[in-house]
Amino acid sequence: MTKKQLKLGAFLSTPGNHLSGWRHPDAAVDTDMDFAWYMRLAQMAEKHLYDTIFFQDTVAVGGSDALKAGDMTRTRLCRTVKLEPTACLAAMAMGTSHIGLVATATTTFNEPYNIARRFATIDHISGGRCGWNLVTSQIEDEAGNFNLDTHVDHAARYERAIEFYEVVAGLWDSWEIDAFLKDKESGVWFDYDKMHFLDHHGKHFHVRGPLNVSRTPQGRPVVAQAGSSEPGKELAARTADVVFTAQTELAAAQEFFADVKGRTAKYGRTPDDVKIMPGITPVIGRTMEEAKEKYDQLQSLLPDDVALAALARFTRGVDIFSYPLDGPMPDLPEANSAKSRQQLIMTMAKKHNMTLREVARSVSAAQGHRVLVGTPEYIADEMQEWLEKDACDGFNVICNYYPKPFEDFSTLVIPELQRRGIFRTAYEGKTLRENLGLKVPENRYTAARQAQAAE
């Protein structure tokens, strides 16, 4: 029997996912704004056969309100500036040939036509390797940059996101695969009958179409989704080819895996149409003791006030700074942003009876993702267990700083996964869909024509 195969994403959370990782002696502090580093990391990921590189994005400096109020603690938090990721993907396509290129673009503060055109263009530039991470704007600071005083309500954001996706998907079907004749003799550039106006008229959008980009090399870009709230899971089952999530416990990951895949049938999809990839943050040592020492060194670089400031974005409505650090984590009111991440934090705190200090430091170490501290063999064991017990289809690898932890995972853990026969030794194809094992979606108009002809 063929063994299940892990999918791996390189989540390039530069300059590091650990809030003080950039302070490590081995950390390259310019990885947030130096494109040469982006390209280097992408080429390293491709050399080691990752499925994708992935860029999270927000359209604001996190904690802007606190900064404006003069909170100097915020000046010690990293990840405040970054290059716009879709521009990076287009450039990185020129220095890579197989790896998938995925970036976030919010449905809350964009327009569908622009997003459809941008990602379709990158799919053409890359030869079919592009993916769009569909999100609804997680941090409340973004609203202040788009004519709003407060963030859009959570339910309204998801309602808009569903319609946004339907418009984008419709625009990607504007042209059938053989629409462009380019016939010099007749002077006909395209077949009128294979060009389609969308003429969408909905609550949030009125979009005529057609898109001024042709059908892309992999049919249409891969769609990723990262929300794990109830509306997020429903959106994922309806729209996503890949789901990025934060699960730290096996049982919870199995429940999430079964839940999302179990929702696909109502949308005419199968469980295999969705690949679920939780985040992991590896800390690797030659021995378990060495790995623990490395983790302790990282944590020693993290001041408590910085950790608390990072936690504060999940605690709107509660003055988290007024609670004793060594007391219990206080109950939090339901958030209007990052709902699933807030729930994950609260569940973790209660299950493990953690103090406020412990919760803040844990969140700051991996932003709610699972931290794996150990030898390459231990980390491979954990990954294999989750794969074989239907807790995931693969993982997003998120490093504390760059480049050393990423190099270590790539050169130490990946060979161990290959030795076990659960990770590829060569790319399966040239497009992202081929490498992820995803089918090429049919153009809706072509499918309708074929169905009509078969009657």
# chains A, B, ... in the order shown; residues from 1 in each chain; ligands from 1
call {"tool": "select_by_dssp", "arguments": {"residues": "segment 179-266 of chain A", "states": "strand (DSSP E)", "output": "VMD selection string"}}
result
chain A and resid 180 to 183 188 to 190 200 to 201 206 to 207 222 to 225 242 to 245
call {"tool": "residues_around", "arguments": {"residues": "segment 172-181 of chain A", "least_positions_apart": "5", "cutoff": "10 Å", "atoms": "only C-alpha atoms", "output": "PyMOL selection string"}}
result
chain A and resi 113+116-117+119-120+166-167+186-198+209-217+219-221+441-447
call {"tool": "closest_residue", "arguments": {"among": "A:Ala251, A:Val59, A:Leu171, A:Ala312", "to": "Ala105 of chain A", "atoms": "only C-alpha atoms"}}
result
A:Val59
call {"tool": "closest_atom_pairs", "arguments": {"of": "segment 66-103 of chain A", "to": "segment 126-147 of chain A", "cutoff": "12 Å", "atoms": "only C-alpha atoms", "output": "Markdown table"}}
result
| residue | atom | partner | partner_atom | distance |
| --- | --- | --- | --- | --- |
| A:Ala66 | CA | A:Asp141 | CA | 9.9 |
| A:Leu67 | CA | A:Asp141 | CA | 10.9 |
| A:Lys68 | CA | A:Asp141 | CA | 11.4 |
| A:Pro85 | CA | A:Trp132 | CA | 10.7 |
| A:Thr86 | CA | A:Trp132 | CA | 9.2 |
| A:Cys88 | CA | A:Cys130 | CA | 11.8 |
| A:Leu89 | CA | A:Cys130 | CA | 8.1 |
| A:Ala90 | CA | A:Ser126 | CA | 7.3 |
| A:Ala91 | CA | A:Ser126 | CA | 9.3 |
| A:Met92 | CA | A:Ser126 | CA | 8.6 |
| A:Ala93 | CA | A:Ser126 | CA | 5.0 |
| A:Met94 | CA | A:Ser126 | CA | 7.2 |
| A:Gly95 | CA | A:Ser126 | CA | 9.7 |
| A:Thr96 | CA | A:Ser126 | CA | 8.3 |
| A:Ser97 | CA | A:Ser126 | CA | 7.5 |
| A:His98 | CA | A:Arg129 | CA | 7.2 |
| A:Ile99 | CA | A:Arg129 | CA | 6.8 |
| A:Gly100 | CA | A:Arg129 | CA | 4.6 |
| A:Leu101 | CA | A:Cys130 | CA | 4.8 |
| A:Val102 | CA | A:Gly131 | CA | 4.3 |
| A:Ala103 | CA | A:Asn133 | CA | 5.6 |
call {"tool": "write_last_selection", "arguments": {"atoms": "N, CA, C and O atoms", "output": "mmCIF file, in the first residue's frame"}}
result
data_model
loop_
_atom_site.group_PDB
_atom_site.id
_atom_site.type_symbol
_atom_site.label_atom_id
_atom_site.label_comp_id
_atom_site.auth_asym_id
_atom_site.auth_seq_id
_atom_site.Cartn_x
_atom_site.Cartn_y
_atom_site.Cartn_z
ATOM 1 N N ALA A 66 -2.026 51.594 19.884
ATOM 2 C CA ALA A 66 -1.148 51.678 21.055
ATOM 3 C C ALA A 66 0.081 52.533 20.744
ATOM 4 O O ALA A 66 0.533 53.325 21.578
ATOM 5 N N LEU A 67 0.616 52.386 19.551
ATOM 6 C CA LEU A 67 1.781 53.198 19.157
ATOM 7 C C LEU A 67 1.431 54.677 19.126
ATOM 8 O O LEU A 67 2.205 55.528 19.578
ATOM 9 N N LYS A 68 0.260 54.976 18.593
ATOM 10 C CA LYS A 68 -0.157 56.381 18.512
ATOM 11 C C LYS A 68 -0.338 56.975 19.899
ATOM 12 O O LYS A 68 -0.127 58.174 20.118
ATOM 13 N N PRO A 85 3.364 41.257 -0.520
ATOM 14 C CA PRO A 85 3.717 39.895 -0.929
ATOM 15 C C PRO A 85 3.411 39.535 -2.376
ATOM 16 O O PRO A 85 4.139 38.739 -2.972
ATOM 17 N N THR A 86 2.336 40.069 -2.969
ATOM 18 C CA THR A 86 2.056 39.640 -4.342
ATOM 19 C C THR A 86 3.104 40.167 -5.312
ATOM 20 O O THR A 86 3.444 39.493 -6.297
ATOM 21 N N CYS A 88 6.196 40.426 -4.486
ATOM 22 C CA CYS A 88 7.305 39.490 -4.251
ATOM 23 C C CYS A 88 7.096 38.178 -5.006
ATOM 24 O O CYS A 88 8.036 37.628 -5.575
ATOM 25 N N LEU A 89 5.853 37.675 -5.009
ATOM 26 C CA LEU A 89 5.592 36.410 -5.698
ATOM 27 C C LEU A 89 5.936 36.511 -7.179
ATOM 28 O O LEU A 89 6.527 35.594 -7.757
ATOM 29 N N ALA A 90 5.546 37.613 -7.802
ATOM 30 C CA ALA A 90 5.833 37.775 -9.224
ATOM 31 C C ALA A 90 7.331 37.767 -9.479
ATOM 32 O O ALA A 90 7.812 37.151 -10.445
ATOM 33 N N ALA A 91 8.084 38.428 -8.600
ATOM 34 C CA ALA A 91 9.540 38.461 -8.761
ATOM 35 C C ALA A 91 10.157 37.096 -8.473
ATOM 36 O O ALA A 91 11.064 36.645 -9.187
ATOM 37 N N MET A 92 9.664 36.415 -7.447
ATOM 38 C CA MET A 92 10.214 35.114 -7.065
ATOM 39 C C MET A 92 9.920 34.044 -8.109
ATOM 40 O O MET A 92 10.647 33.050 -8.218
ATOM 41 N N ALA A 93 8.868 34.231 -8.888
ATOM 42 C CA ALA A 93 8.564 33.279 -9.954
ATOM 43 C C ALA A 93 9.707 33.182 -10.952
ATOM 44 O O ALA A 93 9.916 32.127 -11.560
ATOM 45 N N MET A 94 10.462 34.264 -11.098
ATOM 46 C CA MET A 94 11.553 34.285 -12.068
ATOM 47 C C MET A 94 12.786 33.525 -11.587
ATOM 48 O O MET A 94 13.641 33.149 -12.383
ATOM 49 N N GLY A 95 12.883 33.297 -10.278
ATOM 50 C CA GLY A 95 14.043 32.595 -9.735
ATOM 51 C C GLY A 95 13.745 31.191 -9.265
ATOM 52 O O GLY A 95 14.584 30.538 -8.646
ATOM 53 N N THR A 96 12.521 30.698 -9.539
ATOM 54 C CA THR A 96 12.108 29.352 -9.150
ATOM 55 C C THR A 96 11.386 28.706 -10.338
ATOM 56 O O THR A 96 10.999 29.391 -11.284
ATOM 57 N N SER A 97 11.169 27.378 -10.252
ATOM 58 C CA SER A 97 10.528 26.703 -11.389
ATOM 59 C C SER A 97 9.438 25.715 -10.992
ATOM 60 O O SER A 97 8.632 25.326 -11.826
ATOM 61 N N HIS A 98 9.392 25.284 -9.733
ATOM 62 C CA HIS A 98 8.433 24.261 -9.322
ATOM 63 C C HIS A 98 7.611 24.632 -8.092
ATOM 64 O O HIS A 98 6.451 24.216 -7.988
ATOM 65 N N ILE A 99 8.166 25.358 -7.169
ATOM 66 C CA ILE A 99 7.506 25.581 -5.890
ATOM 67 C C ILE A 99 6.307 26.509 -6.038
ATOM 68 O O ILE A 99 6.309 27.451 -6.839
ATOM 69 N N GLY A 100 5.245 26.219 -5.258
ATOM 70 C CA GLY A 100 4.061 27.059 -5.256
ATOM 71 C C GLY A 100 4.319 28.384 -4.576
ATOM 72 O O GLY A 100 5.122 28.490 -3.646
ATOM 73 N N LEU A 101 3.607 29.419 -5.022
ATOM 74 C CA LEU A 101 3.804 30.790 -4.539
ATOM 75 C C LEU A 101 2.467 31.311 -4.036
ATOM 76 O O LEU A 101 1.575 31.626 -4.826
ATOM 77 N N VAL A 102 2.321 31.401 -2.714
ATOM 78 C CA VAL A 102 1.032 31.724 -2.099
ATOM 79 C C VAL A 102 1.168 32.966 -1.221
ATOM 80 O O VAL A 102 2.125 33.086 -0.457
ATOM 81 N N ALA A 103 0.195 33.867 -1.327
ATOM 82 C CA ALA A 103 0.210 35.072 -0.493
ATOM 83 C C ALA A 103 -1.211 35.440 -0.091
ATOM 84 O O ALA A 103 -2.189 35.110 -0.769
#
call {"tool": "atom_distance", "arguments": {"atom1": "atom CA of Gln225 of chain A", "atom2": "atom CA of Ala307 of chain A"}}
result
27.0 Å
call {"tool": "atom_distance", "arguments": {"atom1": "atom CA of Leu6 of chain A", "atom2": "atom CA of Gln218 of chain A"}}
result
21.4 Å
call {"tool": "atom_distance", "arguments": {"atom1": "atom CA of His18 of chain A", "atom2": "atom CA of Leu311 of chain A"}}
result
12.7 Å
call {"tool": "closest_residue", "arguments": {"among": "A:Leu325, A:Val274, A:Leu302, A:Thr347", "to": "Ala258 of chain A", "atoms": "only C-alpha atoms"}}
result
A:Val274
call {"tool": "residues_around", "arguments": {"residues": "Pro271 of chain A", "least_positions_apart": "3", "cutoff": "7 Å", "atoms": "only C-alpha atoms", "output": "list in words"}}
result
Lys261, Gly262, Thr264 and Val274 of chain A
call {"tool": "write_last_selection", "arguments": {"atoms": "C-alpha atoms", "output": "CSV table (one decimal), in the first residue's frame"}}
result
chain,number,residue,atom,x,y,z
A,261,LYS,CA,-13.6,17.7,5.2
A,262,GLY,CA,-17.1,16.6,6.3
A,264,THR,CA,-17.4,19.6,1.6
A,274,VAL,CA,-9.1,20.2,0.6
call {"tool": "residues_around", "arguments": {"residues": "Thr248 of chain A", "least_positions_apart": "3", "cutoff": "10 Å", "atoms": "only C-alpha atoms", "output": "PyMOL selection string"}}
result
chain A and resi 245+251-253+278-280+344+348+368-372
call {"tool": "write_last_selection", "arguments": {"atoms": "N, CA and C atoms", "output": "CSV table (one decimal), in the first residue's frame"}}
result
chain,number,residue,atom,x,y,z
A,245,THR,N,-4.1,26.3,9.3
A,245,THR,CA,-4.7,26.4,10.6
A,245,THR,C,-3.7,26.3,11.7
A,251,ALA,N,-6.0,15.5,19.3
A,251,ALA,CA,-7.4,15.3,19.2
A,251,ALA,C,-8.1,16.5,18.6
A,252,ALA,N,-7.7,17.7,19.0
A,252,ALA,CA,-8.4,18.9,18.4
A,252,ALA,C,-8.1,19.0,16.9
A,253,ALA,N,-6.9,18.6,16.5
A,253,ALA,CA,-6.5,18.6,15.1
A,253,ALA,C,-7.4,17.6,14.3
A,278,PRO,N,-1.8,22.4,9.3
A,278,PRO,CA,-1.5,23.2,10.5
A,278,PRO,C,-0.1,23.7,10.5
A,279,GLY,N,0.2,24.8,11.3
A,279,GLY,CA,1.5,25.3,11.4
A,279,GLY,C,2.3,24.6,12.5
A,280,ILE,N,3.6,24.5,12.3
A,280,ILE,CA,4.5,24.0,13.3
A,280,ILE,C,5.7,24.9,13.4
A,344,LEU,N,-8.4,29.2,20.7
A,344,LEU,CA,-7.3,28.3,20.9
A,344,LEU,C,-6.5,28.6,22.1
A,348,MET,N,-6.2,26.3,25.5
A,348,MET,CA,-4.8,25.9,26.0
A,348,MET,C,-4.6,26.3,27.4
A,368,GLY,N,0.6,31.1,18.6
A,368,GLY,CA,-0.5,30.1,18.7
A,368,GLY,C,-0.3,28.8,18.0
A,369,HIS,N,0.8,28.7,17.2
A,369,HIS,CA,1.1,27.5,16.5
A,369,HIS,C,1.8,26.5,17.4
A,370,ARG,N,1.9,25.2,17.0
A,370,ARG,CA,2.5,24.2,17.8
A,370,ARG,C,4.0,24.3,17.7
A,371,VAL,N,4.7,24.3,18.9
A,371,VAL,CA,6.2,24.3,18.9
A,371,VAL,C,6.6,22.9,19.1
A,372,LEU,N,7.5,22.4,18.2
A,372,LEU,CA,8.1,21.1,18.4
A,372,LEU,C,9.6,21.2,18.7
call {"tool": "closest_residue", "arguments": {"among": "A:Asp393, A:Glu255, A:Asp26, A:Asp51", "to": "Met277 of chain A", "atoms": "only C-alpha atoms"}}
result
A:Asp393
call {"tool": "closest_residue", "arguments": {"among": "A:Glu377, A:Asp199, A:Asp241, A:Asp305", "to": "Arg419 of chain A", "atoms": "only C-alpha atoms"}}
result
A:Glu377
call {"tool": "residues_around", "arguments": {"residues": "Glu407 of chain A", "least_positions_apart": "4", "cutoff": "12 Å", "atoms": "only C-alpha atoms", "output": "list in words"}}
result
Ala10, Asp26, Arg40, Leu41, Ala42, Gln43, Met44, Ala45, Lys47, His48, Pro282, Val283, Ile284, Val397, Ile398, Cys399, Asn400, Tyr401, Tyr402, Pro403, Thr411, Leu412, Val413 and Ile414 of chain A
call {"tool": "closest_residue", "arguments": {"among": "A:Val318, A:Val81, A:Leu8, A:Met383", "to": "Lys275 of chain A", "atoms": "only C-alpha atoms"}}
result
A:Leu8
